Amino acid sequence: MRHNSTRLGRANLDRLPPAIRRPAYDRSRVTPGIVHLGLGAFHRAHQAVVIDDSLAAGGSSWGIVGASLRSPDTRDALAPQDHLYTVAVRAAEGTEHRVIGALLDSVVAREKPAALVDRMADPAIRIVSLTVTEKGYCHTPQTGDLDERHPDVVHDLNNVDAPRSAPGFIVAALARRRARGLAPFTVLCCDNLAANGHTVQRIVTQFAALRSKDLGKWIADAATFPSTMVDRIVPETTDADRDAVSNALGMRDAWPVMTEPFTQWVVEDRFTAGRPDFAAAGVELVADVKPFELMKLRLLNASHSALAYLGYLAGYETIADTMLDPHFARLAAQVMEEAAVTLTMPVGTDLAAYRASLLKRFANPALHHRTWQIAMDGSQKLPQRLLGAMQDRLRKDLPIATHALAVAGWMRYVTARDEQGRATIDVRDPLAAEFAALARETGPVAERLAPALLGVEKVFGPMGTEPRLREAVTTALGRLYKDGARRAVEALVSA
Ligand code: CS2
């Protein structure tokens with residue numbers, strides 16, 4: 001095939017078909033201003049696109065240096081194509097392709113940790129942004145505190161100039177800047193954590209204080225950690241996606257990213273060392289992101305997780321497949337209904353329209369978003385997605401049946417056994433072994449399994465002993481064992 005011989009790259013941009021959008025600025029003049037930790041598909045389909053727009057709108061000093069913490073795969077795919085890659089925006093009506101130029105270089109932290117610290121300490125770098133997923137912060141999601149016994153934290157405290165973890169890199173680079181008399185960079189968390197900026201500030205200052213009290217204080221006083229709400233659905237790229245994009249391009253892109261038309265980024269405007277022209281690139285700059293973050297976590301992510309666990313158990317491969325089942329579409333709507341009353345939004349926010357738009361996005365038939373992908377790392381996701389809303393509802397004496405079924409779906413899922421009792425579920429979670437051991441001890445009995453999992457403090461904290469929560473989750477898990485996910489969902493939404 002023709003595209004196999006040509007590779008996307010600087011020298012070939014002019015040979016792309018006219019319908020393919022490409023960088024609308026002189027890329028040779030762009031210099032790095034941002035180091036991004038966690039160079040995954042989400043960053044490339046979300047923040048990097050915004051930066052690409054802001055480069056087109058002017059400022060050429062905000063190019064991105066991307067760092068993968070562990071795997072060399074992204075660097076190996078993108079370096080041979082001058083770090084150019086395609087974003088394929090998929091809708092029922094068709095796909096739009098856009099080549100992004102904002103990523104200038106990439107590094108693999110594991111290979112040369114000291115070089116990455118150097119780069120982050122360079123005065124030209126004024127923002128360090130992150131998408132390292134929930135588990136990348138080495139914290140306890142339930143409390144928001146640094147997990148001082150996390151193996152990466154222990155490692156990084158013993159190897160301060162050659163760290164492994166995201167907090168370790170941030171602290172090492174900030175310490176270096178302080179020693180050189182430089183201002184700190186702004187730390188911009190773009191992960192789905194509750195109060196993500198505050199949470200990361202807490203984790204980073206706790207980490208720094210373990211090195212030295214002064215350093216902790218300097219970071220707390222001088223650095224800023226704006227909170228952000230990031231939103232765009234980005235499924236994992238498959239080989240079929242690579243082929244489809246390469247065909248559209250007429251040349252090979254080794255790692256394009258797939259996404260939906262919708263994109264949103266709400267950011268607190270607290271940047272100590274300047275920032276790109278975000279407003280020109282469609283970013284919403286606000287004084288307080290918290291309500292938007294909670295709205296997204298409790299409406300989008302909560303219903304996403306509910307669909308992922310229960311949909312997976314019911315045998316659905318993707319979110320769009322799951323949404324074709326009217327009972328599951330209703331389930332998603334019902335999770336949102338339960339969560340909505342726990343939110344306090346600024347005047348003018350149209351929550352009903354937001355909820356309706358989420359249901360449409362989930363149903364996008366062109367996105368192949370696997371339930372298994374979203375089901376990953378539930379131990380890190382449950383507190384901010386489901387448990388917070390349950391706690392708020394219980395405080396108001398409101399029922400929690402829909403959220404309880406979602407939590408029960410997670411419990412059933414982490415046993416790693418499918419509805420036929422076969423050990424077929426590939427559970428990816430930092431606590432997977434602990435959950436599997438508990439499930440082995442209790443057996444598939446709701447009255448035993450539910451309390452055992454609710455007792456995992458890191459996930460449930462004190463909520464695990466709340467009697468109403470216990471009862472609702474145990475009842476829901478009992479239904480799942482008795483009737484299976486499909487019938488349990490149907491019964492719930494028909495009640
Ligand atoms: C998903 C999110 O994988 C997951 O847990 O719920 O990645 C979701 O697609 C994004 O937050 C959408 O912005």
# chains A, B, ... in the order shown; residues from 1 in each chain; ligands from 1
call {"tool": "residues_near_ligand", "arguments": {"ligand": "ligand 1", "cutoff": "7 Å", "atoms": "only C-alpha atoms and all ligand atoms", "output": "PyMOL selection string"}}
result
chain A and resi 192+230-234+301+304-305+373-375
call {"tool": "closest_atom_pairs", "arguments": {"of": "range 267-297 of chain A", "to": "range 226-229 of chain A", "cutoff": "6 Å", "atoms": "only C-alpha atoms", "output": "Markdown table"}}
result
| residue | atom | partner | partner_atom | distance |
| --- | --- | --- | --- | --- |
| A:Val267 | CA | A:Thr228 | CA | 4.4 |
| A:Glu268 | CA | A:Pro226 | CA | 5.2 |
| A:Arg270 | CA | A:Pro226 | CA | 5.6 |
| A:Glu293 | CA | A:Met229 | CA | 5.1 |
call {"tool": "residues_around", "arguments": {"residues": "Gly216 in chain A", "least_positions_apart": "5", "cutoff": "7 Å", "atoms": "only C-alpha atoms", "output": "PDB file with N, CA and C atoms, in the first residue's frame"}}
result
ATOM      1  N   THR A 205       3.641  19.174  48.259  1.00  0.00           N
ATOM      2  CA  THR A 205       4.261  19.821  49.426  1.00  0.00           C
ATOM      3  C   THR A 205       4.543  18.795  50.531  1.00  0.00           C
ATOM      4  N   GLN A 206       3.680  17.798  50.659  1.00  0.00           N
ATOM      5  CA  GLN A 206       3.960  16.735  51.645  1.00  0.00           C
ATOM      6  C   GLN A 206       5.240  15.990  51.271  1.00  0.00           C
ATOM      7  N   ALA A 208       7.718  17.171  49.395  1.00  0.00           N
ATOM      8  CA  ALA A 208       8.871  18.076  49.557  1.00  0.00           C
ATOM      9  C   ALA A 208       9.253  18.201  51.024  1.00  0.00           C
ATOM     10  N   ALA A 209       8.259  18.253  51.895  1.00  0.00           N
ATOM     11  CA  ALA A 209       8.544  18.409  53.328  1.00  0.00           C
ATOM     12  C   ALA A 209       9.286  17.189  53.884  1.00  0.00           C
TER      13      ALA A 209
END
call {"tool": "residues_around", "arguments": {"residues": "range 316-322 of chain A", "least_positions_apart": "6", "cutoff": "10 Å", "atoms": "only C-alpha atoms", "output": "PyMOL selection string"}}
result
chain A and resi 235+304-305+307-310+328-329+359-374
call {"tool": "atom_distance", "arguments": {"atom1": "CA of His150 in chain A", "atom2": "CA of Leu210 in chain A"}}
result
13.5 Å
call {"tool": "residues_around", "arguments": {"residues": "Lys112 in chain A", "least_positions_apart": "4", "cutoff": "10 Å", "atoms": "only C-alpha atoms", "output": "NGL selection string"}}
result
:A and (107-108 or 116-117 or 162-163)
call {"tool": "atom_distance", "arguments": {"atom1": "CA of Val289 in chain A", "atom2": "CA of Ile34 in chain A"}}
result
21.5 Å
call {"tool": "residues_around", "arguments": {"residues": "Phe225 in chain A", "least_positions_apart": "2", "cutoff": "12 Å", "atoms": "only C-alpha atoms", "output": "ChimeraX atom specification"}}
result
/A:127-130,170,184-190,195-205,219-223,227-228,267-273,289
call {"tool": "write_last_selection", "arguments": {"atoms": "C-alpha atoms", "output": "PDB file, in the first residue's frame"}}
result
ATOM      1  CA  ILE A 127       4.308  25.234  33.121  1.00  0.00           C
ATOM      2  CA  VAL A 128       4.556  21.569  34.065  1.00  0.00           C
ATOM      3  CA  SER A 129       1.282  19.897  33.206  1.00  0.00           C
ATOM      4  CA  LEU A 130       0.246  16.341  34.039  1.00  0.00           C
ATOM      5  CA  ILE A 170       8.087  17.906  40.317  1.00  0.00           C
ATOM      6  CA  PRO A 184       8.842  27.935  40.221  1.00  0.00           C
ATOM      7  CA  PHE A 185       6.797  26.751  37.258  1.00  0.00           C
ATOM      8  CA  THR A 186       3.036  26.459  37.515  1.00  0.00           C
ATOM      9  CA  VAL A 187       1.896  22.879  38.123  1.00  0.00           C
ATOM     10  CA  LEU A 188      -1.161  22.129  36.012  1.00  0.00           C
ATOM     11  CA  CYS A 189      -2.921  18.884  36.872  1.00  0.00           C
ATOM     12  CA  CYS A 190      -5.187  17.579  34.095  1.00  0.00           C
ATOM     13  CA  ALA A 195     -10.058  19.383  43.501  1.00  0.00           C
ATOM     14  CA  ASN A 196      -7.136  18.293  41.351  1.00  0.00           C
ATOM     15  CA  GLY A 197      -4.926  21.380  41.808  1.00  0.00           C
ATOM     16  CA  HIS A 198      -5.334  21.467  45.583  1.00  0.00           C
ATOM     17  CA  THR A 199      -4.860  17.729  45.822  1.00  0.00           C
ATOM     18  CA  VAL A 200      -1.626  17.813  43.837  1.00  0.00           C
ATOM     19  CA  GLN A 201      -0.387  20.818  45.812  1.00  0.00           C
ATOM     20  CA  ARG A 202      -0.945  18.863  48.996  1.00  0.00           C
ATOM     21  CA  ILE A 203       0.793  15.755  47.660  1.00  0.00           C
ATOM     22  CA  VAL A 204       3.760  17.717  46.300  1.00  0.00           C
ATOM     23  CA  THR A 205       4.261  19.821  49.426  1.00  0.00           C
ATOM     24  CA  ILE A 219       6.748  25.337  47.305  1.00  0.00           C
ATOM     25  CA  ALA A 220       3.648  26.023  49.382  1.00  0.00           C
ATOM     26  CA  ASP A 221       4.367  29.781  49.305  1.00  0.00           C
ATOM     27  CA  ALA A 222       5.735  30.315  45.801  1.00  0.00           C
ATOM     28  CA  ALA A 223       4.263  27.742  43.429  1.00  0.00           C
ATOM     29  CA  SER A 227      -7.313  23.282  39.397  1.00  0.00           C
ATOM     30  CA  THR A 228      -8.699  22.261  36.025  1.00  0.00           C
ATOM     31  CA  VAL A 267      -8.941  26.313  34.225  1.00  0.00           C
ATOM     32  CA  GLU A 268      -8.345  28.475  37.292  1.00  0.00           C
ATOM     33  CA  ASP A 269      -6.402  31.502  36.187  1.00  0.00           C
ATOM     34  CA  ARG A 270      -3.496  31.287  38.653  1.00  0.00           C
ATOM     35  CA  PHE A 271      -0.267  31.061  36.655  1.00  0.00           C
ATOM     36  CA  THR A 272       2.784  32.558  38.362  1.00  0.00           C
ATOM     37  CA  ALA A 273       5.015  32.405  35.308  1.00  0.00           C
ATOM     38  CA  VAL A 289     -13.104  25.262  39.091  1.00  0.00           C
TER      39      VAL A 289
END
call {"tool": "select_by_dssp", "arguments": {"residues": "range 137-348 of chain A", "states": "alpha helix (DSSP H)", "output": "PyMOL selection string"}}
result
chain A and resi 151-158+166-179+196-211+213-222+239-249+290-295+302-313+319-324+326-340
call {"tool": "residues_around", "arguments": {"residues": "Ser61 in chain A", "least_positions_apart": "2", "cutoff": "7 Å", "atoms": "only C-alpha atoms", "output": "list in words"}}
result
Val30, Thr31, Pro32, Gly33, Gly59 and Gly63 of chain A
call {"tool": "atom_distance", "arguments": {"atom1": "CA of Ala306 in chain A", "atom2": "CA of Thr263 in chain A"}}
result
21.8 Å
call {"tool": "closest_residue", "arguments": {"among": "A:Arg70, A:Ala404, A:Pro444, A:Arg29", "to": "Arg422 in chain A", "atoms": "only C-alpha atoms"}}
result
A:Pro444
call {"tool": "select_by_dssp", "arguments": {"residues": "range 95-318 of chain A", "states": "strand (DSSP E)", "output": "PyMOL selection string"}}
result
chain A and resi 95-100+103-108+127-130+139-140+145-146+186-189+228-231+257-259+264-268+284-286
call {"tool": "closest_residue", "arguments": {"among": "A:Val35, A:Met258, A:Leu294, A:Ala401", "to": "Leu343 in chain A", "atoms": "only C-alpha atoms"}}
result
A:Leu294
call {"tool": "closest_residue", "arguments": {"among": "A:Thr74, A:Thr344, A:Asn247, A:Thr131", "to": "Pro291 in chain A", "atoms": "only C-alpha atoms"}}
result
A:Thr344
call {"tool": "closest_residue", "arguments": {"among": "A:Leu387, A:Leu449, A:Leu103, A:Val456", "to": "Glu434 in chain A", "atoms": "only C-alpha atoms"}}
result
A:Val456
call {"tool": "closest_residue", "arguments": {"among": "A:Asp191, A:Asp105, A:Asp429, A:Asp53", "to": "Leu297 in chain A", "atoms": "only C-alpha atoms"}}
result
A:Asp191
call {"tool": "decode", "arguments": {"residues": "range 354-485 of chain A", "atoms": "C-alpha atoms", "output": "mmCIF file, in the first residue's frame"}}
result
data_model
loop_
_atom_site.group_PDB
_atom_site.id
_atom_site.type_symbol
_atom_site.label_atom_id
_atom_site.label_comp_id
_atom_site.auth_asym_id
_atom_site.auth_seq_id
_atom_site.Cartn_x
_atom_site.Cartn_y
_atom_site.Cartn_z
ATOM 1 C CA TYR A 354 -25.242 19.014 30.164
ATOM 2 C CA ARG A 355 -26.795 15.689 31.137
ATOM 3 C CA ALA A 356 -28.539 15.357 27.797
ATOM 4 C CA SER A 357 -25.293 16.079 25.964
ATOM 5 C CA LEU A 358 -23.489 13.369 27.973
ATOM 6 C CA LEU A 359 -26.016 10.742 26.946
ATOM 7 C CA LYS A 360 -25.505 11.717 23.315
ATOM 8 C CA ARG A 361 -21.731 11.592 23.644
ATOM 9 C CA PHE A 362 -21.831 8.130 25.224
ATOM 10 C CA ALA A 363 -23.992 6.903 22.344
ATOM 11 C CA ASN A 364 -21.543 8.134 19.652
ATOM 12 C CA PRO A 365 -21.456 5.077 17.354
ATOM 13 C CA ALA A 366 -18.145 6.063 15.787
ATOM 14 C CA LEU A 367 -16.175 5.842 19.055
ATOM 15 C CA HIS A 368 -15.050 2.405 20.060
ATOM 16 C CA HIS A 369 -14.618 3.093 23.787
ATOM 17 C CA ARG A 370 -14.228 -0.214 25.565
ATOM 18 C CA THR A 371 -16.003 -0.815 28.856
ATOM 19 C CA TRP A 372 -12.865 -2.689 29.946
ATOM 20 C CA GLN A 373 -10.730 0.444 29.469
ATOM 21 C CA ILE A 374 -12.941 2.574 31.719
ATOM 22 C CA ALA A 375 -13.233 -0.239 34.272
ATOM 23 C CA MET A 376 -9.501 0.036 34.968
ATOM 24 C CA ASP A 377 -8.203 1.423 38.273
ATOM 25 C CA GLY A 378 -11.593 1.533 39.977
ATOM 26 C CA SER A 379 -9.952 1.731 43.406
ATOM 27 C CA GLN A 380 -8.578 5.118 42.386
ATOM 28 C CA LYS A 381 -11.782 6.340 40.789
ATOM 29 C CA LEU A 382 -14.655 5.281 43.025
ATOM 30 C CA PRO A 383 -14.255 7.885 45.787
ATOM 31 C CA GLN A 384 -14.521 10.993 43.607
ATOM 32 C CA ARG A 385 -16.938 9.511 41.085
ATOM 33 C CA LEU A 386 -19.467 7.627 43.203
ATOM 34 C CA LEU A 387 -18.773 7.668 46.933
ATOM 35 C CA GLY A 388 -18.825 11.446 47.426
ATOM 36 C CA ALA A 389 -22.289 11.749 45.894
ATOM 37 C CA MET A 390 -23.516 8.785 47.971
ATOM 38 C CA GLN A 391 -22.256 10.415 51.129
ATOM 39 C CA ASP A 392 -23.964 13.706 50.251
ATOM 40 C CA ARG A 393 -27.238 11.933 49.505
ATOM 41 C CA LEU A 394 -27.145 9.956 52.731
ATOM 42 C CA ARG A 395 -26.637 13.200 54.635
ATOM 43 C CA LYS A 396 -29.891 14.393 53.089
ATOM 44 C CA ASP A 397 -31.601 11.064 53.773
ATOM 45 C CA LEU A 398 -32.028 10.378 50.069
ATOM 46 C CA PRO A 399 -31.963 6.885 48.543
ATOM 47 C CA ILE A 400 -28.780 5.674 46.817
ATOM 48 C CA ALA A 401 -30.001 2.596 44.931
ATOM 49 C CA THR A 402 -28.524 3.483 41.531
ATOM 50 C CA HIS A 403 -25.093 4.401 42.849
ATOM 51 C CA ALA A 404 -25.182 1.292 45.041
ATOM 52 C CA LEU A 405 -25.739 -0.890 41.982
ATOM 53 C CA ALA A 406 -22.771 0.761 40.284
ATOM 54 C CA VAL A 407 -20.549 0.080 43.307
ATOM 55 C CA ALA A 408 -21.854 -3.493 43.425
ATOM 56 C CA GLY A 409 -21.007 -3.807 39.714
ATOM 57 C CA TRP A 410 -17.466 -2.773 40.552
ATOM 58 C CA MET A 411 -17.348 -5.381 43.348
ATOM 59 C CA ARG A 412 -18.590 -8.120 41.060
ATOM 60 C CA TYR A 413 -16.075 -7.025 38.431
ATOM 61 C CA VAL A 414 -12.995 -7.016 40.700
ATOM 62 C CA THR A 415 -13.600 -10.628 41.702
ATOM 63 C CA ALA A 416 -12.249 -11.221 38.164
ATOM 64 C CA ARG A 417 -14.964 -13.815 37.561
ATOM 65 C CA ASP A 418 -17.607 -13.282 34.922
ATOM 66 C CA GLU A 419 -21.290 -14.065 35.309
ATOM 67 C CA GLN A 420 -20.678 -17.674 34.389
ATOM 68 C CA GLY A 421 -18.162 -17.928 37.223
ATOM 69 C CA ARG A 422 -15.192 -18.214 34.857
ATOM 70 C CA ALA A 423 -11.988 -16.362 35.692
ATOM 71 C CA THR A 424 -12.020 -14.338 32.461
ATOM 72 C CA ILE A 425 -11.873 -10.721 33.633
ATOM 73 C CA ASP A 426 -8.486 -9.056 33.278
ATOM 74 C CA VAL A 427 -8.738 -6.667 36.235
ATOM 75 C CA ARG A 428 -6.227 -3.815 36.045
ATOM 76 C CA ASP A 429 -5.955 -2.004 39.323
ATOM 77 C CA PRO A 430 -3.128 -1.291 41.771
ATOM 78 C CA LEU A 431 -5.180 -3.146 44.395
ATOM 79 C CA ALA A 432 -6.276 -6.014 42.106
ATOM 80 C CA ALA A 433 -4.402 -8.674 44.107
ATOM 81 C CA GLU A 434 -5.950 -7.519 47.382
ATOM 82 C CA PHE A 435 -9.457 -7.620 45.898
ATOM 83 C CA ALA A 436 -8.889 -11.059 44.376
ATOM 84 C CA ALA A 437 -7.672 -12.397 47.729
ATOM 85 C CA LEU A 438 -10.730 -11.026 49.510
ATOM 86 C CA ALA A 439 -13.010 -12.534 46.875
ATOM 87 C CA ARG A 440 -11.320 -15.908 47.298
ATOM 88 C CA GLU A 441 -11.808 -15.763 51.050
ATOM 89 C CA THR A 442 -15.476 -14.833 50.966
ATOM 90 C CA GLY A 443 -16.617 -16.682 47.870
ATOM 91 C CA PRO A 444 -19.382 -15.336 45.616
ATOM 92 C CA VAL A 445 -21.721 -14.470 48.483
ATOM 93 C CA ALA A 446 -22.972 -10.874 48.606
ATOM 94 C CA GLU A 447 -23.392 -10.825 52.394
ATOM 95 C CA ARG A 448 -19.734 -11.713 52.805
ATOM 96 C CA LEU A 449 -18.078 -10.107 49.792
ATOM 97 C CA ALA A 450 -19.701 -6.668 50.087
ATOM 98 C CA PRO A 451 -18.617 -6.023 53.706
ATOM 99 C CA ALA A 452 -15.140 -7.391 52.966
ATOM 100 C CA LEU A 453 -14.604 -4.963 50.086
ATOM 101 C CA LEU A 454 -16.261 -2.096 51.972
ATOM 102 C CA GLY A 455 -13.611 -2.703 54.610
ATOM 103 C CA VAL A 456 -10.812 -1.686 52.224
ATOM 104 C CA GLU A 457 -9.991 1.628 53.910
ATOM 105 C CA LYS A 458 -7.978 3.073 51.033
ATOM 106 C CA VAL A 459 -11.094 3.058 48.894
ATOM 107 C CA PHE A 460 -14.001 3.514 51.290
ATOM 108 C CA GLY A 461 -12.488 5.113 54.387
ATOM 109 C CA PRO A 462 -15.026 5.577 57.186
ATOM 110 C CA MET A 463 -17.902 5.266 54.697
ATOM 111 C CA GLY A 464 -17.315 1.527 54.595
ATOM 112 C CA THR A 465 -19.060 1.149 57.939
ATOM 113 C CA GLU A 466 -22.033 3.399 57.236
ATOM 114 C CA PRO A 467 -25.024 1.036 57.734
ATOM 115 C CA ARG A 468 -27.266 2.450 54.988
ATOM 116 C CA LEU A 469 -24.461 2.236 52.433
ATOM 117 C CA ARG A 470 -23.626 -1.279 53.536
ATOM 118 C CA GLU A 471 -27.180 -2.381 53.195
ATOM 119 C CA ALA A 472 -27.776 -0.785 49.801
ATOM 120 C CA VAL A 473 -24.557 -2.157 48.302
ATOM 121 C CA THR A 474 -25.043 -5.647 49.762
ATOM 122 C CA THR A 475 -28.615 -5.796 48.431
ATOM 123 C CA ALA A 476 -27.458 -4.651 44.983
ATOM 124 C CA LEU A 477 -24.632 -7.185 44.919
ATOM 125 C CA GLY A 478 -27.084 -9.895 45.932
ATOM 126 C CA ARG A 479 -29.225 -8.983 42.903
ATOM 127 C CA LEU A 480 -26.206 -9.120 40.632
ATOM 128 C CA TYR A 481 -25.338 -12.603 41.844
ATOM 129 C CA LYS A 482 -28.907 -13.801 41.648
ATOM 130 C CA ASP A 483 -30.112 -12.250 38.382
ATOM 131 C CA GLY A 484 -27.030 -11.035 36.491
ATOM 132 C CA ALA A 485 -26.250 -7.450 35.449
#
